[in-house]
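Everything below belongs to protein-v1.csv, which stores CSV, C-alpha atoms and all ligand atoms.
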chain,number,residue,atom,x,y,z
A,1,MET,CA,-37.3,-44.1,-112.7
A,2,ARG,CA,-36.0,-47.2,-110.9
A,3,ILE,CA,-34.5,-46.7,-107.4
A,4,ASP,CA,-32.8,-49.6,-105.7
A,5,ILE,CA,-31.8,-49.3,-102.0
A,6,LEU,CA,-29.2,-51.5,-100.3
A,7,SER,CA,-29.7,-51.6,-96.5
A,8,ALA,CA,-29.0,-53.7,-93.4
A,9,VAL,CA,-32.5,-52.7,-92.2
A,10,PRO,CA,-34.7,-52.5,-95.2
A,11,GLU,CA,-37.8,-52.7,-93.0
A,12,LEU,CA,-37.2,-49.1,-92.1
A,13,LEU,CA,-38.1,-48.2,-95.7
A,14,ASN,CA,-41.4,-50.0,-95.9
A,15,SER,CA,-43.8,-47.3,-94.9
A,16,PRO,CA,-42.5,-44.0,-96.4
A,17,PHE,CA,-43.3,-44.9,-100.0
A,18,GLU,CA,-46.7,-46.6,-99.3
A,19,HIS,CA,-48.8,-43.4,-99.0
A,20,SER,CA,-49.8,-40.3,-100.7
A,21,ILE,CA,-47.6,-39.0,-103.6
A,22,MET,CA,-45.0,-41.7,-103.5
A,23,LYS,CA,-47.7,-44.4,-103.6
A,24,ARG,CA,-49.4,-42.7,-106.6
A,25,ALA,CA,-46.1,-42.3,-108.4
A,26,GLN,CA,-45.5,-46.0,-108.1
A,27,GLU,CA,-49.0,-46.9,-109.1
A,28,ARG,CA,-48.7,-44.8,-112.2
A,29,GLY,CA,-45.5,-46.7,-113.1
A,30,LEU,CA,-43.4,-43.5,-112.9
A,31,LEU,CA,-41.3,-44.7,-110.0
A,32,ASN,CA,-40.2,-48.2,-109.0
A,33,ILE,CA,-38.6,-48.4,-105.5
A,34,GLN,CA,-37.0,-51.6,-104.4
A,35,ALA,CA,-35.3,-52.0,-101.0
A,36,HIS,CA,-32.9,-54.9,-100.7
A,37,SER,CA,-31.6,-56.5,-97.6
A,38,LEU,CA,-27.8,-56.5,-97.7
A,39,ARG,CA,-27.9,-59.8,-95.6
A,40,LYS,CA,-28.8,-61.6,-98.8
A,41,TRP,CA,-25.2,-61.1,-99.8
A,42,ALA,CA,-23.7,-61.8,-96.3
A,43,ILE,CA,-20.3,-63.5,-96.2
A,44,ASN,CA,-21.5,-66.5,-94.1
A,45,LYS,CA,-24.6,-68.3,-92.9
A,46,HIS,CA,-24.7,-66.1,-89.8
A,47,GLY,CA,-25.6,-63.1,-92.0
A,48,GLN,CA,-22.4,-61.3,-91.4
A,49,ILE,CA,-22.0,-58.0,-93.3
A,50,ASP,CA,-19.8,-56.0,-91.0
A,51,ASP,CA,-16.4,-56.5,-89.3
A,52,TYR,CA,-13.9,-54.7,-87.0
A,53,GLN,CA,-12.0,-51.9,-88.5
A,54,TYR,CA,-8.3,-52.1,-89.3
A,55,GLY,CA,-6.2,-50.0,-87.0
A,56,GLY,CA,-8.6,-50.6,-84.1
A,57,GLY,CA,-11.2,-48.4,-82.6
A,58,ALA,CA,-14.8,-48.6,-81.7
A,59,GLY,CA,-17.5,-49.4,-84.2
A,60,MET,CA,-18.0,-51.9,-87.0
A,61,VAL,CA,-17.5,-51.3,-90.7
A,62,MET,CA,-19.7,-52.6,-93.5
A,63,MET,CA,-17.5,-55.0,-95.4
A,64,CYS,CA,-16.6,-54.9,-99.1
A,65,GLU,CA,-17.8,-58.3,-100.3
A,66,PRO,CA,-21.5,-58.1,-99.5
A,67,LEU,CA,-21.8,-54.6,-101.0
A,68,ALA,CA,-19.7,-55.4,-104.1
A,69,ASN,CA,-21.6,-58.6,-104.7
A,70,ALA,CA,-24.9,-56.9,-104.2
A,71,ILE,CA,-24.1,-54.0,-106.6
A,72,ASP,CA,-22.6,-56.4,-109.2
A,73,GLU,CA,-25.7,-58.6,-109.1
A,74,LEU,CA,-28.2,-55.7,-109.3
A,75,GLN,CA,-26.3,-54.1,-112.2
A,76,ALA,CA,-26.1,-57.5,-114.0
A,77,THR,CA,-29.9,-57.8,-113.6
A,78,HIS,CA,-31.2,-54.3,-114.1
A,79,GLY,CA,-28.3,-52.6,-116.1
A,80,LYS,CA,-25.8,-50.1,-115.0
A,81,TYR,CA,-27.1,-47.3,-112.7
A,82,ASP,CA,-26.9,-43.7,-113.7
A,83,GLU,CA,-25.9,-42.8,-110.2
A,84,ILE,CA,-24.7,-44.9,-107.2
A,85,ILE,CA,-25.3,-42.8,-104.1
A,86,PHE,CA,-23.9,-43.3,-100.6
A,87,VAL,CA,-25.8,-41.4,-98.0
A,88,THR,CA,-23.4,-40.2,-95.3
A,89,PRO,CA,-23.0,-37.2,-93.0
A,90,ASP,CA,-19.6,-36.4,-94.7
A,91,GLY,CA,-21.2,-36.2,-98.1
A,92,LYS,CA,-22.2,-33.1,-100.1
A,93,ARG,CA,-25.3,-31.3,-98.5
A,94,PHE,CA,-28.5,-32.2,-100.4
A,95,GLU,CA,-30.4,-29.3,-101.9
A,96,GLN,CA,-33.4,-28.7,-104.2
A,97,LYS,CA,-31.1,-28.4,-107.2
A,98,ASP,CA,-29.7,-31.9,-106.5
A,99,ALA,CA,-33.2,-33.3,-106.3
A,100,ASN,CA,-34.0,-31.6,-109.7
A,101,THR,CA,-30.9,-33.2,-111.3
A,102,LEU,CA,-31.6,-36.7,-109.9
A,103,SER,CA,-35.3,-36.5,-111.0
A,104,LEU,CA,-34.1,-36.7,-114.6
A,105,LYS,CA,-32.1,-40.0,-114.2
A,106,ASN,CA,-33.4,-43.4,-115.2
A,107,SER,CA,-31.9,-45.5,-112.5
A,108,ILE,CA,-30.3,-44.9,-109.1
A,109,LEU,CA,-28.9,-47.1,-106.4
A,110,ILE,CA,-28.7,-45.8,-102.9
A,111,ILE,CA,-26.4,-47.4,-100.3
A,112,CYS,CA,-27.3,-46.9,-96.7
A,113,GLY,CA,-24.5,-47.1,-94.1
A,114,HIS,CA,-24.7,-48.3,-90.5
A,115,TYR,CA,-22.2,-48.5,-87.7
A,116,LYS,CA,-19.0,-46.7,-88.6
A,117,GLY,CA,-19.9,-46.6,-92.3
A,118,ILE,CA,-18.8,-48.6,-95.3
A,119,ASP,CA,-15.3,-49.8,-96.3
A,120,GLN,CA,-13.6,-46.9,-98.2
A,121,ARG,CA,-12.9,-49.2,-101.2
A,122,ILE,CA,-16.6,-49.4,-102.0
A,123,ARG,CA,-16.7,-45.6,-102.1
A,124,ASP,CA,-13.6,-45.6,-104.3
A,125,LEU,CA,-14.8,-48.3,-106.7
A,126,TYR,CA,-18.5,-47.9,-107.1
A,127,VAL,CA,-20.0,-44.7,-105.5
A,128,THR,CA,-20.5,-41.8,-107.9
A,129,SER,CA,-22.1,-39.4,-105.5
A,130,GLU,CA,-22.0,-39.0,-101.7
A,131,ILE,CA,-24.9,-37.1,-100.1
A,132,SER,CA,-25.6,-35.8,-96.6
A,133,ILE,CA,-29.1,-34.5,-95.8
A,134,GLY,CA,-27.8,-32.2,-93.1
A,135,ASP,CA,-25.2,-31.5,-90.4
A,136,TYR,CA,-26.4,-34.1,-87.9
A,137,VAL,CA,-25.8,-37.8,-87.5
A,138,LEU,CA,-28.6,-40.3,-88.0
A,139,SER,CA,-28.3,-43.9,-86.7
A,140,GLY,CA,-28.3,-45.2,-90.3
A,141,GLY,CA,-28.7,-44.0,-93.9
A,142,GLU,CA,-32.3,-45.3,-94.4
A,143,LEU,CA,-34.1,-42.1,-93.3
A,144,ALA,CA,-31.7,-40.0,-95.4
A,145,ALA,CA,-32.5,-42.2,-98.4
A,146,ALA,CA,-36.2,-41.8,-97.8
A,147,VAL,CA,-35.8,-38.0,-97.7
A,148,ILE,CA,-33.9,-38.0,-100.9
A,149,ILE,CA,-36.3,-40.4,-102.7
A,150,ASP,CA,-39.3,-38.3,-101.6
A,151,ALA,CA,-37.7,-35.0,-102.7
A,152,VAL,CA,-36.8,-36.6,-106.1
A,153,GLY,CA,-39.9,-38.7,-106.6
A,154,ARG,CA,-42.4,-35.9,-106.3
A,155,ILE,CA,-40.8,-33.8,-109.0
A,156,ILE,CA,-40.6,-36.6,-111.6
A,157,PRO,CA,-42.7,-35.3,-114.5
A,158,GLY,CA,-46.2,-36.6,-114.2
A,159,VAL,CA,-46.1,-37.4,-110.5
A,160,LEU,CA,-47.8,-34.2,-109.2
A,161,ASN,CA,-51.3,-33.6,-110.6
A,162,ASP,CA,-50.8,-29.9,-110.9
A,163,GLU,CA,-47.6,-29.6,-112.9
A,164,THR,CA,-46.9,-26.1,-111.7
A,165,SER,CA,-47.1,-26.8,-108.0
A,166,ALA,CA,-43.5,-28.2,-107.8
A,167,LEU,CA,-42.3,-25.0,-109.5
A,168,THR,CA,-43.8,-22.8,-106.7
A,169,ASP,CA,-42.2,-24.8,-103.9
A,170,SER,CA,-39.8,-23.1,-101.5
A,171,PHE,CA,-36.2,-23.1,-103.0
A,172,GLN,CA,-37.1,-23.6,-106.6
A,173,ASP,CA,-36.2,-20.0,-107.3
A,174,ASN,CA,-34.0,-19.6,-104.3
A,175,LEU,CA,-36.9,-18.1,-102.4
A,176,LEU,CA,-39.0,-19.5,-99.6
A,177,ALA,CA,-42.7,-20.0,-100.4
A,178,PRO,CA,-45.1,-17.2,-99.4
A,179,PRO,CA,-47.8,-17.8,-96.7
A,180,VAL,CA,-51.0,-19.6,-97.9
A,181,TYR,CA,-54.6,-19.4,-96.6
A,182,SER,CA,-57.8,-21.4,-97.0
A,183,ARG,CA,-61.3,-21.0,-95.7
A,184,PRO,CA,-62.7,-19.4,-93.5
A,185,ALA,CA,-61.8,-15.8,-94.5
A,186,ALA,CA,-61.7,-14.8,-90.8
A,187,PHE,CA,-60.4,-17.1,-88.0
A,188,ARG,CA,-60.1,-16.1,-84.3
A,189,GLY,CA,-59.7,-12.5,-85.3
A,190,LEU,CA,-57.2,-13.1,-88.1
A,191,GLU,CA,-58.3,-12.1,-91.6
A,192,VAL,CA,-57.0,-13.5,-94.9
A,193,PRO,CA,-55.0,-10.7,-96.6
A,194,PRO,CA,-57.6,-8.8,-98.7
A,195,VAL,CA,-55.5,-9.0,-101.9
A,196,LEU,CA,-56.1,-12.8,-102.0
A,197,LEU,CA,-59.9,-12.1,-102.2
A,198,THR,CA,-59.7,-9.7,-105.1
A,199,GLY,CA,-59.7,-12.4,-107.8
A,200,ASP,CA,-57.0,-10.3,-109.6
A,201,PRO,CA,-54.2,-12.8,-110.6
A,202,LYS,CA,-51.6,-10.1,-111.3
A,203,LYS,CA,-52.1,-8.5,-107.8
A,204,VAL,CA,-52.1,-11.9,-106.2
A,205,ASP,CA,-48.8,-12.8,-108.0
A,206,ALA,CA,-47.2,-9.5,-107.0
A,207,TRP,CA,-48.2,-10.0,-103.4
A,208,ARG,CA,-46.9,-13.6,-103.3
A,209,GLN,CA,-43.6,-12.5,-104.8
A,210,GLU,CA,-43.2,-9.7,-102.3
A,211,GLN,CA,-44.1,-12.0,-99.4
A,212,ALA,CA,-41.7,-14.7,-100.6
A,213,LEU,CA,-38.9,-12.1,-100.7
A,214,GLU,CA,-39.8,-10.8,-97.3
A,215,ARG,CA,-39.8,-14.3,-95.8
A,216,THR,CA,-36.5,-15.1,-97.4
A,217,LYS,CA,-34.9,-11.9,-96.2
A,218,THR,CA,-35.9,-12.5,-92.5
A,219,ARG,CA,-35.5,-16.3,-92.3
A,220,ARG,CA,-32.9,-17.3,-94.9
A,221,PRO,CA,-30.9,-14.2,-96.0
A,222,ASP,CA,-28.1,-16.6,-97.1
A,223,LEU,CA,-30.4,-17.7,-100.0
A,224,LEU,CA,-30.4,-14.2,-101.5
A,225,LYS,CA,-26.6,-13.9,-101.8
A,301,LIG,N1,-26.3,-41.2,-92.3
A,301,LIG,C1,-26.2,-40.8,-91.0
A,301,LIG,N2,-26.4,-39.5,-90.9
A,301,LIG,C2,-26.6,-39.0,-92.2
A,301,LIG,C3,-26.9,-37.7,-92.7
A,301,LIG,N3,-26.9,-36.6,-92.0
A,301,LIG,N4,-27.1,-37.6,-94.1
A,301,LIG,C4,-27.0,-38.7,-94.8
A,301,LIG,N5,-26.8,-39.9,-94.4
A,301,LIG,C5,-26.6,-40.1,-93.1
Show me, as structure tokens, the structure contained in the file I just sent.
Amino acid sequence: MRIDILSAVPELLNSPFEHSIMKRAQERGLLNIQAHSLRKWAINKHGQIDDYQYGGGAGMVMMCEPLANAIDELQATHGKYDEIIFVTPDGKRFEQKDANTLSLKNSILIICGHYKGIDQRIRDLYVTSEISIGDYVLSGGELAAAVIIDAVGRIIPGVLNDETSALTDSFQDNLLAPPVYSRPAAFRGLEVPPVLLTGDPKKVDAWRQEQALERTKTRRPDLLK
């Protein structure tokens, strides 16, 4: 999958994909992430990409031309994107099922907003999906883009070594994940639940299912509706 990102501050996206699973996905050629500085398409030699909003009011707006020229050039070079996403607090809340759907696409462009946001006409003309990662406001879309790319990238087929491990994540079946334990079997007076030491996969599965349901009931009853 190819993921391009358009950002006023692409440096914010350097580190999140250089480690661990995202790094491996790129090394294996399963994921190609490219962050582009929107200033490359600035309207003047001062690097201008934003301007005052019509109607007045505080806060700058990211202008049409740099964004439109960037998207046109990227699509002319790499082909049409399957999805052009704008990350914004007024978008649809991102959930595991959205990550699952996006993980099946071939190419995605993510636009990161800053200041007051982007000119509405870019949303009208180009954007196919508007996504929020939660009901809070970040100072820019970059961290939201990183969250989405991580959630999508790790479930691209072939990225995780153990293919089943993504299927047992929290939310994959509308349940939170059960508790997990590793060695030692006793730690500061707390013992690993004996069923996990039985070596009986049926009993272990039944216990995990029951724990997942219990955890979901107490922490996220909304998921069970
Ligand atoms: N940009 C600023 N806040 C955001 C949020 N909560 N989700 C997505 N993009 C954002």
For A:Asp72, please output as JSON, numbers by chain all residues within 12 Å (counting only C-alpha atoms; exclusion window: fewer than 5 positions along the same chain). {"A": [41, 64, 65, 66, 67, 77, 78, 79, 80, 81, 84, 109, 122, 125, 126]}
Would you list the residues that come within 12 Å of ligand LIG 301 (chain A)? Count all atoms listed in the file and give the answer as a ChimeraX atom specification. /A:7,85-95,110-118,129-148
I'd like the interatomic distance between atom CA of A:Val180 and atom CA of A:Ala166, to a tenth of an Å. 15.1 Å
Find the residues around A:Thr101 up to 12 Å (only C-alpha atoms counted), leave out those fewer than 5 positions away in its own chain, and share them as a list in words.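 That gives Asp82, Glu83, Phe94, Glu95, Gln96, Asn106, Ile108, Ile148, Ala151, Val152, Gly153, Ile155 and Ile156 of chain A.
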Generate a file of the selected residues that holds C-alpha atoms, formatted as a CSV table (one decimal), keeping the file's coordinate frame.
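Printed below is again-v6.csv as written:
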chain,number,residue,atom,x,y,z
A,82,ASP,CA,-26.9,-43.7,-113.7
A,83,GLU,CA,-25.9,-42.8,-110.2
A,94,PHE,CA,-28.5,-32.2,-100.4
A,95,GLU,CA,-30.4,-29.3,-101.9
A,96,GLN,CA,-33.4,-28.7,-104.2
A,106,ASN,CA,-33.4,-43.4,-115.2
A,108,ILE,CA,-30.3,-44.9,-109.1
A,148,ILE,CA,-33.9,-38.0,-100.9
A,151,ALA,CA,-37.7,-35.0,-102.7
A,152,VAL,CA,-36.8,-36.6,-106.1
A,153,GLY,CA,-39.9,-38.7,-106.6
A,155,ILE,CA,-40.8,-33.8,-109.0
A,156,ILE,CA,-40.6,-36.6,-111.6
I'd like the contact shell of A:Pro10 - 6 Å cut-off, all atoms listed in the file, skipping same-chain residues fewer than 3 positions apart - returned as a PyMOL selection string. chain A and resi 7+13+35+37
Please dump the current selection as a PDB file, in the coordinates of the input; keep C-alpha atoms.
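This went into out32.pdb:
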ATOM      1  CA  SER A   7     -29.700 -51.600 -96.500  1.00  0.00           C
ATOM      2  CA  LEU A  13     -38.100 -48.200 -95.700  1.00  0.00           C
ATOM      3  CA  ALA A  35     -35.300 -52.000-101.000  1.00  0.00           C
ATOM      4  CA  SER A  37     -31.600 -56.500 -97.600  1.00  0.00           C
TER       5      SER A  37
END
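For the pair atom CA of A:Glu191 and atom CA of A:Trp207, the interatomic distance is 15.7 Å.
Here atom CA of A:Arg39 and atom CA of A:Val127 stand 19.7 Å from one another.
Among the candidate residues A:Ser107, A:Ala99, A:Met62, A:Met1, the one lying nearest to A:Arg123 is A:Met62, with distances computed using all atoms listed in the file.
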Nearby residues (all atoms listed in the file) at most 10 Å from A:Leu196, same-chain spacing under 4 positions excluded, as a list in words: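 So, after excluding close chain neighbours, the residues are Val180, Tyr181, Ala185, Val192, Asp200, Pro201, Lys203, Val204, Asp205, Trp207 and Arg208 of chain A.
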Preceding selection exported with C-alpha atoms as a PDB file, in the frame of the given file:
ATOM      1  CA  VAL A 180     -51.000 -19.600 -97.900  1.00  0.00           C
ATOM      2  CA  TYR A 181     -54.600 -19.400 -96.600  1.00  0.00           C
ATOM      3  CA  ALA A 185     -61.800 -15.800 -94.500  1.00  0.00           C
ATOM      4  CA  VAL A 192     -57.000 -13.500 -94.900  1.00  0.00           C
ATOM      5  CA  ASP A 200     -57.000 -10.300-109.600  1.00  0.00           C
ATOM      6  CA  PRO A 201     -54.200 -12.800-110.600  1.00  0.00           C
ATOM      7  CA  LYS A 203     -52.100  -8.500-107.800  1.00  0.00           C
ATOM      8  CA  VAL A 204     -52.100 -11.900-106.200  1.00  0.00           C
ATOM      9  CA  ASP A 205     -48.800 -12.800-108.000  1.00  0.00           C
ATOM     10  CA  TRP A 207     -48.200 -10.000-103.400  1.00  0.00           C
ATOM     11  CA  ARG A 208     -46.900 -13.600-103.300  1.00  0.00           C
TER      12      ARG A 208
END
Could you give me stretch 168-179 of chain A completed to all heavy atoms, formatted as a CSV table (one decimal), in the coordinates of the input?
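Result file follows (part14.csv):
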chain,number,residue,atom,x,y,z
A,168,THR,N,-43.5,-23.9,-107.7
A,168,THR,CA,-43.8,-22.8,-106.7
A,168,THR,C,-43.4,-23.2,-105.3
A,168,THR,O,-43.6,-22.5,-104.4
A,168,THR,CB,-45.3,-22.4,-106.7
A,168,THR,OG1,-46.1,-23.5,-106.5
A,168,THR,CG2,-45.7,-21.8,-108.1
A,169,ASP,N,-42.7,-24.4,-105.2
A,169,ASP,CA,-42.2,-24.8,-103.9
A,169,ASP,C,-41.1,-23.8,-103.4
A,169,ASP,O,-40.5,-23.2,-104.2
A,169,ASP,CB,-41.4,-26.2,-104.0
A,169,ASP,CG,-42.4,-27.3,-104.2
A,169,ASP,OD1,-43.6,-27.2,-103.9
A,169,ASP,OD2,-41.9,-28.4,-104.7
A,170,SER,N,-40.9,-23.8,-102.1
A,170,SER,CA,-39.8,-23.1,-101.5
A,170,SER,C,-38.5,-23.7,-102.3
A,170,SER,O,-38.5,-24.9,-102.6
A,170,SER,CB,-39.6,-23.4,-100.0
A,170,SER,OG,-40.5,-22.7,-99.3
A,171,PHE,N,-37.5,-22.8,-102.4
A,171,PHE,CA,-36.2,-23.1,-103.0
A,171,PHE,C,-36.1,-23.3,-104.5
A,171,PHE,O,-35.0,-23.2,-105.0
A,171,PHE,CB,-35.6,-24.4,-102.4
A,171,PHE,CG,-35.5,-24.4,-100.9
A,171,PHE,CD1,-36.3,-25.3,-100.1
A,171,PHE,CD2,-34.7,-23.5,-100.2
A,171,PHE,CE1,-36.3,-25.3,-98.8
A,171,PHE,CE2,-34.7,-23.5,-98.8
A,171,PHE,CZ,-35.5,-24.4,-98.1
A,172,GLN,N,-37.3,-23.4,-105.2
A,172,GLN,CA,-37.1,-23.6,-106.6
A,172,GLN,C,-36.5,-22.4,-107.3
A,172,GLN,O,-35.9,-22.5,-108.3
A,172,GLN,CB,-38.5,-24.0,-107.3
A,172,GLN,CG,-38.8,-25.5,-107.1
A,172,GLN,CD,-37.8,-26.5,-107.8
A,172,GLN,OE1,-36.8,-26.1,-108.2
A,172,GLN,NE2,-38.2,-27.8,-107.8
A,173,ASP,N,-36.8,-21.2,-106.7
A,173,ASP,CA,-36.2,-20.0,-107.3
A,173,ASP,C,-35.3,-19.3,-106.3
A,173,ASP,O,-35.2,-18.1,-106.3
A,173,ASP,CB,-37.3,-19.1,-107.9
A,173,ASP,CG,-38.4,-18.9,-106.9
A,173,ASP,OD1,-38.2,-19.3,-105.7
A,173,ASP,OD2,-39.4,-18.3,-107.2
A,174,ASN,N,-34.8,-20.1,-105.4
A,174,ASN,CA,-34.0,-19.6,-104.3
A,174,ASN,C,-34.7,-18.7,-103.3
A,174,ASN,O,-34.2,-17.9,-102.6
A,174,ASN,CB,-32.7,-18.8,-104.8
A,174,ASN,CG,-31.5,-19.7,-104.7
A,174,ASN,OD1,-31.5,-20.8,-104.2
A,174,ASN,ND2,-30.4,-19.2,-105.3
A,175,LEU,N,-36.1,-18.8,-103.3
A,175,LEU,CA,-36.9,-18.1,-102.4
A,175,LEU,C,-37.7,-19.1,-101.6
A,175,LEU,O,-38.1,-20.1,-102.1
A,175,LEU,CB,-37.9,-17.2,-103.2
A,175,LEU,CG,-37.3,-15.9,-103.9
A,175,LEU,CD1,-38.5,-15.2,-104.6
A,175,LEU,CD2,-36.6,-15.0,-102.9
A,176,LEU,N,-38.0,-18.7,-100.3
A,176,LEU,CA,-39.0,-19.5,-99.6
A,176,LEU,C,-40.4,-19.2,-100.1
A,176,LEU,O,-40.6,-18.2,-100.7
A,176,LEU,CB,-38.9,-19.1,-98.1
A,176,LEU,CG,-37.5,-19.3,-97.4
A,176,LEU,CD1,-37.6,-18.9,-95.9
A,176,LEU,CD2,-37.0,-20.7,-97.6
A,177,ALA,N,-41.3,-20.2,-99.9
A,177,ALA,CA,-42.7,-20.0,-100.4
A,177,ALA,C,-43.4,-19.0,-99.5
A,177,ALA,O,-43.1,-18.8,-98.3
A,177,ALA,CB,-43.4,-21.3,-100.3
A,178,PRO,N,-44.3,-18.2,-100.1
A,178,PRO,CA,-45.1,-17.2,-99.4
A,178,PRO,C,-46.2,-17.9,-98.5
A,178,PRO,O,-46.4,-19.1,-98.7
A,178,PRO,CB,-45.8,-16.4,-100.5
A,178,PRO,CG,-45.9,-17.4,-101.6
A,178,PRO,CD,-44.7,-18.3,-101.6
A,179,PRO,N,-46.8,-17.2,-97.6
A,179,PRO,CA,-47.8,-17.8,-96.7
A,179,PRO,C,-49.0,-18.2,-97.6
A,179,PRO,O,-49.3,-17.6,-98.6
A,179,PRO,CB,-48.2,-16.7,-95.7
A,179,PRO,CG,-47.5,-15.5,-96.2
A,179,PRO,CD,-46.5,-15.8,-97.2
